[in-house]
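I have placed the structure first, in the form of structure tokens, so that the comments after it can refer back to it.
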Amino acid sequence: MMKILVFGQLTDIFKGSFIRLKDIPDTDTMIRKLEEKYPALKKMKYLIAIDKEIVKENTTLGEESEVSLLPPFSGG
Amino acid sequence: MKKRTPKNIFRQGAIPASFIGESIQKHSSKTEIGAHSIFLGQVRADEVDGKKVEAIEYTTYEEMALQKMHEIRESVFEKYPITCMHVYHSLGTVPTGEICLFVFTSSGHRRAATDACNELVEWIKAELPIWGKELLEGESYQWKVNN
């Protein structure tokens with residue numbers, strides 16, 4: 001079971017700060033599965049980070065990967 | 001270049017004016033300093049659909065933010081001849097009118113301190129995974145957007 005951390009406005013869609021998913025080989029699969037389950041995600045803007053590094057292309061995920069979805073930053 | 005360890009920039013709630021004053025005072029022994037530059041971010045009472053913002057609630061992806069801030073810190077120290085750099089950002093609820101961001105740079109001459117301070121503020125707003133939730137009158141909210 002992989003844990004995906006979510007932040008900011010995405011916590012409204014996922015009703016919490018993380019979600020768990022099974023059988024996720026890569027980030028494209030993750031997004032497809034998440035959008036099926038949470039259609040509101042399709043309209044959201046966000047970046048994907050793996051182990052705190054932002055990835056822009058489809059990336060392989062391991063059981064130990066720390067995956068997070070980051071909506072636009074609004075600090076300050 | 002000497003290695004610096006990542007510092008925790010986060011403070012729970014608003015940053016008190018007294019803390020800012022004390023930070024300035026602490027530099028009086030560093031007599032090679034000739035200039036300080038300070039940026040203070042204050043929570044503004046914007047109006048959203050006729051409702052006033054009463055506070056901003058900040059959250060972060062702390063480990064990533066501190067790692068990123070460390071990288072920014074290193075690059076700014078490398079670029080400008082500054083002696084000191086201090087950054088503090090609030091987490092949790094900060095009411096309107098209170099300080100939520102404190103950036104403080106010092107150098108021998110004014111140019112380095114002001115340029116480094118300005119650049120730091122831009123990096124902090126663009127690169128740190130921090131989110132502000134604007135709490136409005138009557139228990140509604142909207143997510144803050146940075147320009």
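Residue numbers start at 1 in each chain; chains themselves are named A, B, ... in the order of the structure tokens; ligands are numbered from 1 in the order shown.
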Worksheet item: What residues in chain B lie within 10 Å of chain A, counting only C-alpha atoms, written as a VMD selection string?
Response: chain B and resid 40 to 43 58 to 61 63 to 65 67 to 68 88 to 91 99 to 102 121 to 122 124 to 133 142 to 147
Practice prompt. DSSP on the backbone, then: every residue of chain A marked strand (DSSP E), written as a PyMOL selection string.
Written response: chain A and resi 2-6+18-21+47-50+53-55+67-70
Atoms to include: N, CA, C and O atoms. Write the selected residues as a JSON list (two decimals), in the first residue's frame.
```json
[["chain", "number", "residue", "atom", "x", "y", "z"],
["A", 2, "MET", "N", 0.71, 2.07, -1.00],
["A", 2, "MET", "CA", 1.54, 3.27, -1.05],
["A", 2, "MET", "C", 0.78, 4.46, -0.46],
["A", 2, "MET", "O", -0.41, 4.61, -0.68],
["A", 3, "LYS", "N", 1.51, 5.28, 0.28],
["A", 3, "LYS", "CA", 0.90, 6.46, 0.90],
["A", 3, "LYS", "C", 1.23, 7.69, 0.06],
["A", 3, "LYS", "O", 2.40, 7.91, -0.28],
["A", 4, "ILE", "N", 0.22, 8.45, -0.27],
["A", 4, "ILE", "CA", 0.43, 9.68, -1.05],
["A", 4, "ILE", "C", 0.03, 10.86, -0.17],
["A", 4, "ILE", "O", -1.10, 10.92, 0.33],
["A", 5, "LEU", "N", 0.95, 11.79, 0.02],
["A", 5, "LEU", "CA", 0.66, 12.97, 0.84],
["A", 5, "LEU", "C", 0.04, 14.05, -0.04],
["A", 5, "LEU", "O", 0.49, 14.28, -1.17],
["A", 6, "VAL", "N", -0.98, 14.71, 0.48],
["A", 6, "VAL", "CA", -1.60, 15.82, -0.26],
["A", 6, "VAL", "C", -1.64, 17.07, 0.62],
["A", 6, "VAL", "O", -1.70, 16.98, 1.85],
["A", 18, "PHE", "N", -3.64, 12.59, 3.50],
["A", 18, "PHE", "CA", -3.01, 11.52, 2.71],
["A", 18, "PHE", "C", -4.03, 10.51, 2.23],
["A", 18, "PHE", "O", -5.17, 10.47, 2.71],
["A", 19, "ILE", "N", -3.61, 9.72, 1.23],
["A", 19, "ILE", "CA", -4.47, 8.64, 0.73],
["A", 19, "ILE", "C", -3.57, 7.44, 0.49],
["A", 19, "ILE", "O", -2.36, 7.59, 0.29],
["A", 20, "ARG", "N", -4.16, 6.26, 0.49],
["A", 20, "ARG", "CA", -3.38, 5.05, 0.22],
["A", 20, "ARG", "C", -3.88, 4.40, -1.05],
["A", 20, "ARG", "O", -5.08, 4.36, -1.28],
["A", 21, "LEU", "N", -2.94, 3.93, -1.86],
["A", 21, "LEU", "CA", -3.30, 3.25, -3.11],
["A", 21, "LEU", "C", -2.48, 1.97, -3.24],
["A", 21, "LEU", "O", -1.35, 1.90, -2.78],
["A", 47, "LEU", "N", 1.83, 19.85, -8.65],
["A", 47, "LEU", "CA", 3.08, 19.19, -9.02],
["A", 47, "LEU", "C", 3.16, 17.89, -8.25],
["A", 47, "LEU", "O", 2.58, 17.76, -7.17],
["A", 48, "ILE", "N", 3.94, 16.95, -8.80],
["A", 48, "ILE", "CA", 4.17, 15.68, -8.10],
["A", 48, "ILE", "C", 5.61, 15.69, -7.60],
["A", 48, "ILE", "O", 6.53, 16.02, -8.35],
["A", 49, "ALA", "N", 5.78, 15.35, -6.34],
["A", 49, "ALA", "CA", 7.14, 15.21, -5.80],
["A", 49, "ALA", "C", 7.35, 13.77, -5.34],
["A", 49, "ALA", "O", 6.44, 13.16, -4.77],
["A", 50, "ILE", "N", 8.53, 13.25, -5.63],
["A", 50, "ILE", "CA", 8.91, 11.92, -5.13],
["A", 50, "ILE", "C", 10.14, 12.13, -4.26],
["A", 50, "ILE", "O", 11.14, 12.70, -4.72],
["A", 53, "GLU", "N", 11.52, 15.60, -4.30],
["A", 53, "GLU", "CA", 12.02, 16.21, -5.55],
["A", 53, "GLU", "C", 10.87, 16.21, -6.55],
["A", 53, "GLU", "O", 10.19, 15.19, -6.75],
["A", 54, "ILE", "N", 10.68, 17.36, -7.21],
["A", 54, "ILE", "CA", 9.59, 17.47, -8.16],
["A", 54, "ILE", "C", 9.93, 16.70, -9.44],
["A", 54, "ILE", "O", 11.05, 16.80, -9.95],
["A", 55, "VAL", "N", 8.97, 15.89, -9.91],
["A", 55, "VAL", "CA", 9.18, 15.14, -11.16],
["A", 55, "VAL", "C", 8.17, 15.64, -12.19],
["A", 55, "VAL", "O", 7.02, 15.92, -11.87],
["A", 67, "VAL", "N", 5.56, 9.86, -1.98],
["A", 67, "VAL", "CA", 4.93, 10.60, -3.07],
["A", 67, "VAL", "C", 4.05, 11.71, -2.50],
["A", 67, "VAL", "O", 3.33, 11.48, -1.53],
["A", 68, "SER", "N", 4.11, 12.88, -3.10],
["A", 68, "SER", "CA", 3.24, 13.96, -2.63],
["A", 68, "SER", "C", 2.71, 14.77, -3.79],
["A", 68, "SER", "O", 3.36, 14.89, -4.83],
["A", 69, "LEU", "N", 1.51, 15.31, -3.60],
["A", 69, "LEU", "CA", 0.87, 16.15, -4.61],
["A", 69, "LEU", "C", 0.82, 17.57, -4.05],
["A", 69, "LEU", "O", 0.27, 17.80, -2.97],
["A", 70, "LEU", "N", 1.43, 18.51, -4.80],
["A", 70, "LEU", "CA", 1.62, 19.85, -4.28],
["A", 70, "LEU", "C", 0.90, 20.89, -5.15],
["A", 70, "LEU", "O", 1.34, 21.20, -6.24]]
```
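The protein and nucleic acid residues lying at most 9 Å from stretch 23-37 of chain A are Met1, Met2, Ile48, Glu57, Asn58, Thr59, Thr60, Leu61, Gly62, Glu63 and Val67 of chain A, with only C-alpha atoms considered and sequence neighbours fewer than 6 positions away removed.
Using only C-alpha atoms, the smallest distance between any of B:Glu32, B:Glu78, B:Asp46, B:Glu71 and B:Leu135 comes from B:Asp46.
Proximity of B:Leu120, B:Val94, B:Met85, B:Leu66 to B:Ile24, computed with only C-alpha atoms, is greatest for B:Met85.
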Fill in: Filtered DSSP result for chain A, state helix (DSSP H, G or I), as a PyMOL selection string
chain A and resi 10-14+27-37+39-43
If you count only C-alpha atoms, which residues fall within 9 Å of B:Thr83, apart from same-chain ones fewer than 6 positions away, as a compact mmCIF listing (two decimals) with N, CA, C and O atoms, in the first residue's frame?
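And here is the file that came out, out10.txt:
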```
# COMPACT_ATOMS: atom_id res chain seq x y z
N GLU B 32 31.33 44.32 11.99
CA GLU B 32 31.70 44.40 10.57
C GLU B 32 30.47 44.72 9.71
O GLU B 32 30.58 45.07 8.55
N ILE B 33 29.28 44.60 10.33
CA ILE B 33 28.04 44.89 9.60
C ILE B 33 27.83 46.39 9.50
O ILE B 33 28.01 47.13 10.47
N PHE B 77 23.89 32.94 -0.22
CA PHE B 77 25.18 33.22 0.43
C PHE B 77 26.32 33.21 -0.60
O PHE B 77 27.28 33.97 -0.49
N THR B 105 18.57 40.23 6.34
CA THR B 105 19.94 40.03 5.83
C THR B 105 20.83 41.19 6.29
O THR B 105 20.35 42.31 6.48
N SER B 106 22.11 40.90 6.45
CA SER B 106 23.06 41.92 6.90
C SER B 106 24.34 41.81 6.08
O SER B 106 24.74 40.71 5.70
N SER B 107 24.97 42.97 5.86
CA SER B 107 26.22 42.98 5.09
C SER B 107 27.04 44.21 5.47
O SER B 107 26.58 45.08 6.21
N GLY B 108 28.25 44.28 4.96
CA GLY B 108 29.13 45.41 5.22
C GLY B 108 28.56 46.69 4.62
O GLY B 108 28.58 47.76 5.24
N ALA B 113 22.91 43.54 1.16
CA ALA B 113 21.82 43.20 2.08
C ALA B 113 20.46 43.39 1.41
O ALA B 113 19.59 42.51 1.51
```
